[in-house]
$ cat protein17.cif   # mmCIF, C-alpha atoms
data_final
#
loop_
_atom_site.label_atom_id
_atom_site.label_comp_id
_atom_site.auth_asym_id
_atom_site.auth_seq_id
_atom_site.Cartn_x
_atom_site.Cartn_y
_atom_site.Cartn_z
CA MET W 1 2.70 -26.83 39.98
CA THR W 2 1.38 -29.70 37.88
CA ASP W 3 1.72 -29.43 34.11
CA VAL W 4 -1.84 -29.25 32.75
CA ARG W 5 -0.86 -31.69 29.99
CA GLU W 6 -0.20 -34.30 32.67
CA LEU W 7 -3.68 -33.68 34.07
CA ILE W 8 -5.31 -34.11 30.67
CA ARG W 9 -3.48 -37.39 30.12
CA ARG W 10 -4.85 -38.96 33.31
CA GLU W 11 -7.05 -41.87 32.36
CA PRO W 12 -10.27 -42.34 34.30
CA ALA W 13 -10.12 -45.62 36.21
CA PRO W 14 -13.24 -46.89 38.00
CA ALA W 15 -11.40 -47.59 41.27
CA GLU W 16 -9.80 -44.16 41.38
CA HIS W 17 -13.09 -42.48 40.47
CA ALA W 18 -14.75 -44.31 43.36
CA ALA W 19 -11.95 -43.25 45.74
CA ILE W 20 -12.21 -39.58 44.71
CA ARG W 21 -16.01 -39.66 45.00
CA GLU W 22 -15.88 -41.27 48.46
CA LEU W 23 -13.29 -38.80 49.73
CA TRP W 24 -15.37 -35.88 48.44
CA LYS W 25 -18.40 -37.33 50.26
CA GLN W 26 -16.35 -37.65 53.48
CA HIS W 27 -15.18 -34.06 53.08
CA SER W 28 -18.72 -32.76 52.50
CA ILE W 29 -20.23 -34.74 55.38
CA ALA W 30 -17.50 -33.50 57.73
CA GLU W 31 -18.07 -29.91 56.57
CA ASP W 32 -21.83 -30.17 57.13
CA ALA W 33 -21.25 -31.69 60.60
CA ARG W 34 -18.66 -28.98 61.43
CA ASP W 35 -16.19 -31.84 62.01
CA LEU W 36 -12.93 -29.98 61.42
CA PRO W 37 -10.59 -32.96 62.10
CA GLY W 38 -12.65 -35.12 59.72
CA LEU W 39 -12.49 -32.45 57.04
CA ILE W 40 -8.74 -31.86 57.47
CA ALA W 41 -8.17 -35.63 57.16
CA THR W 42 -9.26 -35.39 53.50
CA LEU W 43 -6.46 -32.92 52.65
CA THR W 44 -2.75 -33.17 51.95
CA GLU W 45 -0.51 -31.57 54.58
CA ASP W 46 0.57 -28.93 52.06
CA CYS W 47 -2.98 -28.12 50.91
CA VAL W 48 -3.88 -24.62 49.75
CA TYR W 49 -7.22 -22.87 50.07
CA GLU W 50 -7.66 -19.93 47.76
CA LEU W 51 -10.40 -17.37 47.09
CA VAL W 52 -9.42 -16.67 43.52
CA GLN W 53 -11.08 -13.25 43.07
CA THR W 54 -9.52 -11.76 46.19
CA GLY W 55 -6.19 -13.57 46.27
CA HIS W 56 -6.70 -14.68 49.87
CA ARG W 57 -4.77 -17.90 50.58
CA TRP W 58 -4.51 -20.31 53.48
CA GLU W 59 -1.75 -22.93 53.39
CA GLY W 60 -1.34 -26.32 55.05
CA HIS W 61 -3.62 -28.05 57.54
CA HIS W 62 -3.30 -25.10 59.92
CA GLY W 63 -4.35 -22.70 57.17
CA ALA W 64 -7.29 -24.88 56.08
CA ALA W 65 -8.49 -25.06 59.69
CA ARG W 66 -8.19 -21.28 59.98
CA PHE W 67 -10.14 -20.82 56.72
CA TYR W 68 -13.01 -22.96 58.00
CA MET W 69 -13.01 -21.44 61.50
CA GLU W 70 -13.16 -17.94 60.02
CA LEU W 71 -15.82 -18.83 57.42
CA LEU W 72 -18.02 -20.75 59.89
CA GLY W 73 -17.56 -18.04 62.50
CA ALA W 74 -18.65 -15.36 60.04
CA PHE W 75 -21.53 -17.43 58.64
CA PRO W 76 -22.55 -19.83 61.46
CA ASP W 77 -25.66 -20.97 59.59
CA ILE W 78 -23.95 -21.29 56.19
CA HIS W 79 -25.63 -23.74 53.84
CA PHE W 80 -24.34 -25.14 50.55
CA GLU W 81 -26.95 -26.42 48.09
CA LEU W 82 -25.10 -28.47 45.50
CA THR W 83 -26.30 -27.67 41.96
CA ASP W 84 -23.69 -29.48 39.83
CA ILE W 85 -20.65 -31.71 40.21
CA VAL W 86 -18.00 -33.27 37.99
CA ILE W 87 -15.65 -35.98 39.28
CA GLY W 88 -12.65 -37.10 37.29
CA PRO W 89 -9.06 -38.23 37.74
CA GLN W 90 -8.02 -34.59 38.17
CA GLY W 91 -10.33 -34.02 41.15
CA VAL W 92 -13.79 -32.67 41.83
CA CYS W 93 -15.46 -29.52 40.57
CA GLU W 94 -18.71 -28.54 42.24
CA GLU W 95 -21.15 -25.68 41.87
CA ALA W 96 -23.41 -24.65 44.73
CA ASP W 97 -25.84 -22.02 45.87
CA VAL W 98 -24.66 -20.69 49.23
CA SER W 99 -26.58 -18.79 51.88
CA GLY W 100 -25.80 -17.67 55.39
CA THR W 101 -26.17 -14.88 57.91
CA HIS W 102 -23.13 -12.59 57.99
CA ALA W 103 -22.77 -12.63 61.78
CA ALA W 104 -19.07 -11.83 62.27
CA GLU W 105 -16.17 -10.18 60.47
CA TRP W 106 -14.86 -12.09 57.46
CA LEU W 107 -11.75 -11.14 55.50
CA GLY W 108 -11.80 -7.72 57.12
CA VAL W 109 -15.46 -7.05 56.26
CA PRO W 110 -17.54 -6.16 59.34
CA PRO W 111 -20.69 -8.21 59.92
CA SER W 112 -23.86 -6.93 58.29
CA GLY W 113 -26.26 -9.17 60.18
CA GLU W 114 -27.97 -9.85 56.84
CA ARG W 115 -28.76 -13.19 55.28
CA LEU W 116 -26.66 -13.32 52.11
CA SER W 117 -26.86 -15.58 49.05
CA TRP W 118 -24.25 -16.26 46.38
CA LYS W 119 -22.90 -18.94 44.05
CA VAL W 120 -19.61 -20.79 44.26
CA VAL W 121 -17.64 -23.03 41.99
CA ILE W 122 -15.05 -25.00 43.94
CA PHE W 123 -12.26 -27.09 42.47
CA PHE W 124 -10.77 -29.80 44.70
CA PRO W 125 -7.50 -30.86 42.99
CA TRP W 126 -6.72 -34.55 43.52
CA ASP W 127 -3.29 -35.80 44.54
CA ALA W 128 -3.14 -39.23 42.91
CA HIS W 129 -0.08 -40.31 44.90
CA ARG W 130 -1.31 -39.31 48.35
CA ARG W 131 -4.97 -40.00 47.45
CA LEU W 132 -6.13 -36.78 49.12
CA PHE W 133 -7.27 -33.35 47.98
CA ARG W 134 -4.64 -30.62 47.63
CA GLY W 135 -7.08 -27.98 48.90
CA GLU W 136 -9.77 -25.89 47.26
CA ARG W 137 -9.86 -23.11 44.69
CA VAL W 138 -13.06 -21.15 45.27
CA TYR W 139 -14.69 -18.87 42.71
CA THR W 140 -17.66 -16.77 43.83
CA ALA W 141 -20.40 -14.94 41.96
CA GLY W 142 -22.84 -12.55 43.57
CA LEU W 143 -21.17 -12.43 46.97
CA PRO W 144 -22.43 -9.06 48.14
CA LEU W 145 -19.35 -8.20 50.17
CA THR W 146 -18.04 -5.63 47.74
CA GLU W 147 -15.35 -4.55 50.19
CA LEU W 148 -13.43 -7.78 49.56
CA ARG W 149 -10.15 -7.21 47.75
#
$ encode --input "protein17.cif" --output "structure tokens"
Amino acid sequence: MTDVRELIRREPAPAEHAAIRELWKQHSIAEDARDLPGLIATLTEDCVYELVQTGHRWEGHHGAARFYMELLGAFPDIHFELTDIVIGPQGVCEEADVSGTHAAEWLGVPPSGERLSWKVVIFFPWDAHRRLFRGERVYTAGLPLTELR
């Protein structure tokens, strides 16, 4: 785990900022297009996806692919409406309004068939050496799947 003091000391450099921004755009475009190989290409091989409130984790490229296949299977019409974003030498932090129809089981919760809406804050930690994201830490608010643990 990276020492937070090292993260704070990272100086913002225009070229690195541009690289982080472009990679985030590639990641987002691939996600919207349901282009799993394109999305995975933006991640380190040892990436970690984590739903912080529930403790669910998916590790490595295989885990990230499984996370997206499960999420997109459960919410095939999922839509992220970006509401805020911060890009710095530590990575990207975005806030979005999310909506989608709960059409299949997700994280052990049976499908409701309802259109759900919630907020997310997602942190994409940047690996400055490999110039890729180390995964995503996802925080949710208002996700009406109270069965999630």
$ residues_around --input "protein17.cif" --residues "range 52-62 of chain W" --least-positions-apart "2" --cutoff "9 Å" --atoms "only C-alpha atoms" --output "PyMOL selection string"
chain W and resi 40-41+43-50+64-67+107+135+137-140+148-149
$ closest_residue --input "protein17.cif" --among "W:Asp3, W:Asp35, W:Glu81, W:Glu16" --to "His129 in chain W" --atoms "all atoms listed in the file"
W:Glu16
$ residues_around --input "protein17.cif" --residues "Ala30 in chain W" --least-positions-apart "5" --cutoff "12 Å" --atoms "all atoms listed in the file" --output "ChimeraX atom specification"
/W:23-25,35-42,68
$ atom_distance --input "protein17.cif" --atom1 "CA of Gly100 in chain W" --atom2 "CA of Val86 in chain W"
24.6 Å
$ closest_residue --input "protein17.cif" --among "W:Ala33, W:Ala96, W:Ile78, W:Ala13" --to "Ile122 in chain W" --atoms "only C-alpha atoms"
W:Ala96
$ atom_distance --input "protein17.cif" --atom1 "CA of Phe124 in chain W" --atom2 "CA of Gly63 in chain W"
15.7 Å
$ atom_distance --input "protein17.cif" --atom1 "CA of Leu116 in chain W" --atom2 "CA of Val98 in chain W"
8.2 Å
$ residues_around --input "protein17.cif" --residues "Pro76 in chain W" --least-positions-apart "4" --cutoff "8 Å" --atoms "only C-alpha atoms" --output "list of chain:residue names"
W:Leu71, W:Leu72, W:Gly100, W:Thr101, W:Ala103
$ resolve_selection --input "protein17.cif" --expression "the PyMOL selection byres ((chain W and resi 83) around 9)" --output "mmCIF file with C-alpha atoms, keeping the file's coordinate frame"
data_model
loop_
_atom_site.group_PDB
_atom_site.id
_atom_site.type_symbol
_atom_site.label_atom_id
_atom_site.label_comp_id
_atom_site.auth_asym_id
_atom_site.auth_seq_id
_atom_site.Cartn_x
_atom_site.Cartn_y
_atom_site.Cartn_z
ATOM 1 C CA GLU W 81 -26.950 -26.420 48.090
ATOM 2 C CA LEU W 82 -25.100 -28.470 45.500
ATOM 3 C CA ASP W 84 -23.690 -29.480 39.830
ATOM 4 C CA ILE W 85 -20.650 -31.710 40.210
ATOM 5 C CA GLU W 94 -18.710 -28.540 42.240
ATOM 6 C CA GLU W 95 -21.150 -25.680 41.870
ATOM 7 C CA ALA W 96 -23.410 -24.650 44.730
ATOM 8 C CA ASP W 97 -25.840 -22.020 45.870
#
$ resolve_selection --input "protein17.cif" --expression "the PyMOL selection byres ((chain W and resi 118) around 7)" --output "ChimeraX atom specification"
/W:97-99,116-117,119-120,141-143
$ decode --input "protein17.cif" --residues "range 65-114 of chain W" --atoms "C-alpha atoms" --output "PDB file, in the first residue's frame"
ATOM      1  CA  ALA W  65     -13.743  -8.271 -16.117  1.00  0.00           C
ATOM      2  CA  ARG W  66     -15.945 -10.294 -13.761  1.00  0.00           C
ATOM      3  CA  PHE W  67     -16.996  -7.110 -11.915  1.00  0.00           C
ATOM      4  CA  TYR W  68     -18.089  -5.453 -15.153  1.00  0.00           C
ATOM      5  CA  MET W  69     -19.791  -8.564 -16.561  1.00  0.00           C
ATOM      6  CA  GLU W  70     -21.771  -8.982 -13.335  1.00  0.00           C
ATOM      7  CA  LEU W  71     -22.652  -5.266 -13.064  1.00  0.00           C
ATOM      8  CA  LEU W  72     -23.633  -4.917 -16.738  1.00  0.00           C
ATOM      9  CA  GLY W  73     -25.551  -8.192 -16.605  1.00  0.00           C
ATOM     10  CA  ALA W  74     -27.505  -7.021 -13.571  1.00  0.00           C
ATOM     11  CA  PHE W  75     -28.078  -3.510 -14.951  1.00  0.00           C
ATOM     12  CA  PRO W  76     -27.950  -3.864 -18.764  1.00  0.00           C
ATOM     13  CA  ASP W  77     -29.175  -0.297 -19.301  1.00  0.00           C
ATOM     14  CA  ILE W  78     -26.958   1.259 -16.608  1.00  0.00           C
ATOM     15  CA  HIS W  79     -26.184   4.920 -17.172  1.00  0.00           C
ATOM     16  CA  PHE W  80     -23.634   7.112 -15.396  1.00  0.00           C
ATOM     17  CA  GLU W  81     -24.259  10.867 -15.445  1.00  0.00           C
ATOM     18  CA  LEU W  82     -21.037  12.537 -14.379  1.00  0.00           C
ATOM     19  CA  THR W  83     -21.671  15.342 -11.858  1.00  0.00           C
ATOM     20  CA  ASP W  84     -18.131  16.150 -10.687  1.00  0.00           C
ATOM     21  CA  ILE W  85     -14.535  15.150 -11.343  1.00  0.00           C
ATOM     22  CA  VAL W  86     -11.093  15.882  -9.929  1.00  0.00           C
ATOM     23  CA  ILE W  87      -7.917  14.841 -11.747  1.00  0.00           C
ATOM     24  CA  GLY W  88      -4.534  15.031 -10.096  1.00  0.00           C
ATOM     25  CA  PRO W  89      -1.228  13.183  -9.897  1.00  0.00           C
ATOM     26  CA  GLN W  90      -2.821  10.705  -7.479  1.00  0.00           C
ATOM     27  CA  GLY W  91      -5.550   9.673  -9.924  1.00  0.00           C
ATOM     28  CA  VAL W  92      -9.135  10.557 -10.711  1.00  0.00           C
ATOM     29  CA  CYS W  93     -12.089  11.006  -8.389  1.00  0.00           C
ATOM     30  CA  GLU W  94     -15.498  11.238 -10.003  1.00  0.00           C
ATOM     31  CA  GLU W  95     -19.033  11.630  -8.740  1.00  0.00           C
ATOM     32  CA  ALA W  96     -21.983  10.451 -10.798  1.00  0.00           C
ATOM     33  CA  ASP W  97     -25.705   9.871 -10.706  1.00  0.00           C
ATOM     34  CA  VAL W  98     -26.373   6.274 -11.724  1.00  0.00           C
ATOM     35  CA  SER W  99     -29.565   4.672 -12.961  1.00  0.00           C
ATOM     36  CA  GLY W 100     -30.439   1.279 -14.355  1.00  0.00           C
ATOM     37  CA  THR W 101     -32.995  -1.502 -14.396  1.00  0.00           C
ATOM     38  CA  HIS W 102     -32.164  -4.269 -11.916  1.00  0.00           C
ATOM     39  CA  ALA W 103     -32.681  -7.117 -14.403  1.00  0.00           C
ATOM     40  CA  ALA W 104     -30.505  -9.894 -12.950  1.00  0.00           C
ATOM     41  CA  GLU W 105     -28.979 -10.984  -9.652  1.00  0.00           C
ATOM     42  CA  TRP W 106     -26.150  -8.787  -8.396  1.00  0.00           C
ATOM     43  CA  LEU W 107     -23.995  -9.578  -5.376  1.00  0.00           C
ATOM     44  CA  GLY W 108     -26.511 -12.179  -4.285  1.00  0.00           C
ATOM     45  CA  VAL W 109     -29.493  -9.807  -4.524  1.00  0.00           C
ATOM     46  CA  PRO W 110     -32.270 -11.180  -6.753  1.00  0.00           C
ATOM     47  CA  PRO W 111     -33.482  -8.911  -9.566  1.00  0.00           C
ATOM     48  CA  SER W 112     -36.314  -6.538  -8.710  1.00  0.00           C
ATOM     49  CA  GLY W 113     -37.117  -5.529 -12.277  1.00  0.00           C
ATOM     50  CA  GLU W 114     -37.259  -1.929 -11.024  1.00  0.00           C
TER      51      GLU W 114
END
